[in-house]
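Undergrad: Shown below is the structure under consideration.
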Amino acid sequence: MTSGERDGKATLRARLRSFRRGAVMPSMASEAPRAVAALGVRPGRVVCAYAASAREPGSVAMLDALVGAGYRVLLPVVVGDGLAWAPYDGRLRPGAFGLPEPVGAASALPAGVALVLVPALAVDHAGVRLGKGGGYYDRALASCAAPKVAVVRDEEFVPVLPAEPHDVRVDAVLTPSGLVRLPLRPRPPGRPL
Ligand SMILES: Nc1nc2c(c(=O)[nH]1)N(C=O)[C@@H](CNc1ccc(C(=O)N[C@@H](CCC(=O)O)C(=O)O)cc1)CN2
Ligand SMILES: Nc1ncnc2c1ncn2[C@@H]1O[C@H](COP(=O)(O)OP(=O)(O)OP(=O)(O)O)[C@@H](O)[C@H]1O
């Protein structure tokens with residue numbers, strides 16, 4: 001990626017962040033457990049989620065609803081330039097970047113994770129995800145085999161985003177309108193939607 005393309009990613013991130021300022025974020029409390037179940041994940045399995053900030057779709061209600069649906073929920077904890085994972089037990093405290101973090105002991109991503117809900121600023125039709133720019137999720141999920149589902153607002157599911165080789169593609173996108181498996185198959189030329 002050239003420095004121009006990198007600037008493009010940064011500009012896009014700034015625009016997407018300002019687009020969220022002042023907007024009401026969806027709680028995703030009903031959508032998230034429904035999507036996890038729709039992807040075939042049974043109660044009792046481990047689902048990685050995230051504790052949303054005020055400017056991200058998602059909520060504590062989403063985490064409680066996942067627990068209520070019988071999933072074992074893990075949340076990320078920033079450790080250096082990596083992520084560790086700790087169980088969500090109903091308690092959160094302020095962590096790195098002012099984001100809420102779980103209170104219990106954190107460890108490496110365990111084997112047997114059934115699905116990962118991933119925060120994003122935007123996702124494209126190919127499954128390319130634009131995050132906050134720290135590269136945390138790209139590093140943490142580089143060798144994670146579980147399906148990855150990015151959670152964004154409807155307007156943030158867009159046709160094309162800039163992609164780099166290290167960007168971990170997501171397998172689906174969840175918005176308040178529902179779950180869409182990715183990549184979306186391109187339409188044959190000349191065929192209308
Ligand atoms: N809810 C949530 N949890 C998450 C993430 C996320 O995007 N959302 N992460 C996703 O990777 C990881 C944390 N990574 C982050 C990377 C950058 C920034 C960020 O906003 N950086 C600003 C400065 C923030 C500040 O200190 O004021 C910046 O770099 O400009 C936040 C989190 C793990 N946990
Ligand atoms: N697998 C990786 N190994 C090493 N460095 C990486 C890896 N993935 C990302 N990075 C580093 O992280 C930087 C930021 O990556 P990128 O712009 O894709 O972040 P992002 O996906 O938006 O952020 P996040 O994953 O935290 O939400 C990259 O420039 C790169 O240096």
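Following the order of the structure tokens, chains are lettered A, B, ..., residues in each are numbered from 1, and ligands are numbered from 1.
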Just want the residues within 9 Å of ligand 2, written as a list in words, counting only C-alpha atoms and all ligand atoms.

TA: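 Residues satisfying the distance criterion: Arg6, Lys9, Ala10, Arg13, Val118, Pro119, Ala120, Leu121, Arg129, Leu130, Gly131, Lys132, Gly133, Gly134, Gly135, Tyr136, Tyr137, Asp138, Arg139, Ala140, Leu141, Ala142, Ser143, Ala163, Glu164, Pro165, His166, Asp167 and Val168 of chain A.
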
Undergrad: Go ahead and save the residues from that selection, with C-alpha atoms, as a PDB file, in the first residue's frame.

TA:
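Final output, saved to result32.pdb:
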ATOM      1  CA  ARG A   6      -2.565   4.891   3.712  1.00  0.00           C
ATOM      2  CA  LYS A   9      -7.538   4.989   4.896  1.00  0.00           C
ATOM      3  CA  ALA A  10      -6.862   7.595   7.591  1.00  0.00           C
ATOM      4  CA  ARG A  13     -11.526   6.619   9.215  1.00  0.00           C
ATOM      5  CA  VAL A 118     -15.846  -7.724  15.691  1.00  0.00           C
ATOM      6  CA  PRO A 119     -16.236  -3.954  16.079  1.00  0.00           C
ATOM      7  CA  ALA A 120     -15.661  -1.921  12.916  1.00  0.00           C
ATOM      8  CA  LEU A 121     -16.080   1.552  11.463  1.00  0.00           C
ATOM      9  CA  ARG A 129     -13.193  -4.365   7.507  1.00  0.00           C
ATOM     10  CA  LEU A 130     -11.972  -0.916   8.491  1.00  0.00           C
ATOM     11  CA  GLY A 131     -11.205  -0.701  12.215  1.00  0.00           C
ATOM     12  CA  LYS A 132      -9.938   2.122  14.397  1.00  0.00           C
ATOM     13  CA  GLY A 133      -6.441   1.782  12.968  1.00  0.00           C
ATOM     14  CA  GLY A 134      -4.585   0.039  15.773  1.00  0.00           C
ATOM     15  CA  GLY A 135      -4.398  -3.263  13.924  1.00  0.00           C
ATOM     16  CA  TYR A 136      -5.402  -5.065  17.146  1.00  0.00           C
ATOM     17  CA  TYR A 137      -8.062  -7.269  15.601  1.00  0.00           C
ATOM     18  CA  ASP A 138      -5.970  -8.003  12.515  1.00  0.00           C
ATOM     19  CA  ARG A 139      -3.158  -9.266  14.722  1.00  0.00           C
ATOM     20  CA  ALA A 140      -5.436 -11.056  17.198  1.00  0.00           C
ATOM     21  CA  LEU A 141      -7.505 -12.859  14.567  1.00  0.00           C
ATOM     22  CA  ALA A 142      -4.817 -13.547  11.955  1.00  0.00           C
ATOM     23  CA  SER A 143      -4.844 -17.280  12.764  1.00  0.00           C
ATOM     24  CA  ALA A 163      -7.729  -3.334   1.643  1.00  0.00           C
ATOM     25  CA  GLU A 164      -4.245  -4.376   2.751  1.00  0.00           C
ATOM     26  CA  PRO A 165      -2.857  -7.919   2.788  1.00  0.00           C
ATOM     27  CA  HIS A 166      -2.897  -8.090   6.620  1.00  0.00           C
ATOM     28  CA  ASP A 167      -6.591  -7.118   6.837  1.00  0.00           C
ATOM     29  CA  VAL A 168      -8.550 -10.055   8.230  1.00  0.00           C
TER      30      VAL A 168
END

Undergrad: Within 12 Å of A:Arg21, counting only C-alpha atoms, which residues show up once you throw out same-chain ones fewer than 4 positions away? Write them as a PyMOL selection string, please.

TA: chain A and resi 14-17+25+53-56

Undergrad: Measuring between only C-alpha atoms and all ligand atoms, which one of A:Val78, A:Ala38, A:Ala23, A:Val46 shows the shortest distance to ligand 1?

TA: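 Of the candidates, the smallest distance to ligand 1 is held by A:Val78.
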
Undergrad: For stretch 63-72 of chain A, list every protein, DNA or RNA residue within 6 Å, evaluated using only C-alpha atoms, and leave out those in the same chain fewer than 3 positions away; present the list as a PyMOL selection string.

TA: chain A and resi 29+33+43-46+60

Undergrad: Using only N, CA, C and O atoms, please write the residues we just selected to a file, as a PDB file, in the first residue's frame.

TA:
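For reference, result-v1.pdb as written:
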ATOM      1  N   ALA A  29     -29.064  -5.590  20.896  1.00  0.00           N
ATOM      2  CA  ALA A  29     -29.367  -6.582  21.937  1.00  0.00           C
ATOM      3  C   ALA A  29     -30.213  -7.732  21.414  1.00  0.00           C
ATOM      4  O   ALA A  29     -30.045  -8.864  21.846  1.00  0.00           O
ATOM      5  N   PRO A  33     -27.737 -11.967  19.443  1.00  0.00           N
ATOM      6  CA  PRO A  33     -27.997 -13.386  19.733  1.00  0.00           C
ATOM      7  C   PRO A  33     -28.713 -14.099  18.580  1.00  0.00           C
ATOM      8  O   PRO A  33     -28.429 -15.266  18.297  1.00  0.00           O
ATOM      9  N   PRO A  43     -26.133 -22.738  22.210  1.00  0.00           N
ATOM     10  CA  PRO A  43     -25.897 -22.275  23.577  1.00  0.00           C
ATOM     11  C   PRO A  43     -24.847 -23.150  24.269  1.00  0.00           C
ATOM     12  O   PRO A  43     -24.756 -24.345  23.979  1.00  0.00           O
ATOM     13  N   GLY A  44     -24.053 -22.520  25.128  1.00  0.00           N
ATOM     14  CA  GLY A  44     -22.968 -23.238  25.801  1.00  0.00           C
ATOM     15  C   GLY A  44     -21.629 -23.006  25.113  1.00  0.00           C
ATOM     16  O   GLY A  44     -20.578 -23.161  25.732  1.00  0.00           O
ATOM     17  N   ARG A  45     -21.668 -22.602  23.816  1.00  0.00           N
ATOM     18  CA  ARG A  45     -20.414 -22.353  23.097  1.00  0.00           C
ATOM     19  C   ARG A  45     -19.852 -20.971  23.465  1.00  0.00           C
ATOM     20  O   ARG A  45     -20.563 -20.113  23.972  1.00  0.00           O
ATOM     21  N   VAL A  46     -18.572 -20.774  23.138  1.00  0.00           N
ATOM     22  CA  VAL A  46     -17.882 -19.516  23.451  1.00  0.00           C
ATOM     23  C   VAL A  46     -18.007 -18.543  22.281  1.00  0.00           C
ATOM     24  O   VAL A  46     -17.688 -18.888  21.139  1.00  0.00           O
ATOM     25  N   VAL A  60     -24.084  -2.937  26.570  1.00  0.00           N
ATOM     26  CA  VAL A  60     -24.096  -3.910  27.660  1.00  0.00           C
ATOM     27  C   VAL A  60     -25.313  -4.823  27.505  1.00  0.00           C
ATOM     28  O   VAL A  60     -25.241  -6.023  27.759  1.00  0.00           O
TER      29      VAL A  60
END

Undergrad: Name the closest residue to ligand 1 among the candidates A:Pro26, A:Pro87, A:Gly95, A:Gly127; distances are taken between atoms, counting only C-alpha atoms and all ligand atoms.

TA: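 Smallest separation from ligand 1 among the options: A:Gly95.
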
Undergrad: Find the spatial neighbours of A:Pro147, counting only C-alpha atoms, within a cut-off of 9 Å - ignore same-chain residues fewer than 6 positions away - and output them as number ranges by chain.

TA: A: 39, 114-117, 170-172

Undergrad: Store the residues of this selection in a file with N, CA and C atoms, as a compact mmCIF listing (two decimals), in the first residue's frame.

TA:
# COMPACT_ATOMS: atom_id res chain seq x y z
N LEU A 39 -26.17 -18.49 12.66
CA LEU A 39 -24.93 -19.04 12.10
C LEU A 39 -24.62 -20.42 12.70
N ALA A 114 -16.41 -20.27 19.05
CA ALA A 114 -17.36 -20.63 17.99
C ALA A 114 -17.58 -19.49 17.01
N LEU A 115 -17.42 -18.25 17.47
CA LEU A 115 -17.73 -17.09 16.62
C LEU A 115 -17.13 -15.84 17.27
N VAL A 116 -16.73 -14.88 16.44
CA VAL A 116 -16.19 -13.63 16.96
C VAL A 116 -16.99 -12.46 16.40
N LEU A 117 -17.59 -11.68 17.29
CA LEU A 117 -18.24 -10.42 16.89
C LEU A 117 -17.17 -9.34 16.94
N VAL A 170 -13.90 -10.51 7.14
CA VAL A 170 -14.97 -11.05 7.97
C VAL A 170 -15.90 -11.91 7.11
N ASP A 171 -16.57 -12.84 7.76
CA ASP A 171 -17.41 -13.81 7.07
C ASP A 171 -18.85 -13.34 6.93
N ALA A 172 -19.18 -12.31 7.71
CA ALA A 172 -20.55 -11.78 7.65
C ALA A 172 -20.54 -10.39 8.28

Undergrad: So which residues of stretch 105-159 of chain A fall under strand (DSSP E or B) by DSSP, listed as a list of chain:residue names?

TA: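 Secondary structure check on stretch 105-159 of chain A, strand (DSSP E or B): A:Ser107, A:Val113, A:Ala114, A:Leu115, A:Val116, A:Leu117, A:Val118, A:Pro119, A:Ala122, A:Val123, A:Asp124, A:Arg129, A:Leu130, A:Lys148, A:Val149, A:Ala150, A:Val151, A:Phe157, A:Val158.
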
Undergrad: Mind giving me the straight-line distance from atom CA of A:Ala106 to atom CA of A:Pro76 in Å, one decimal?

TA: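 Here the two named atoms are 8.2 Å from each other.
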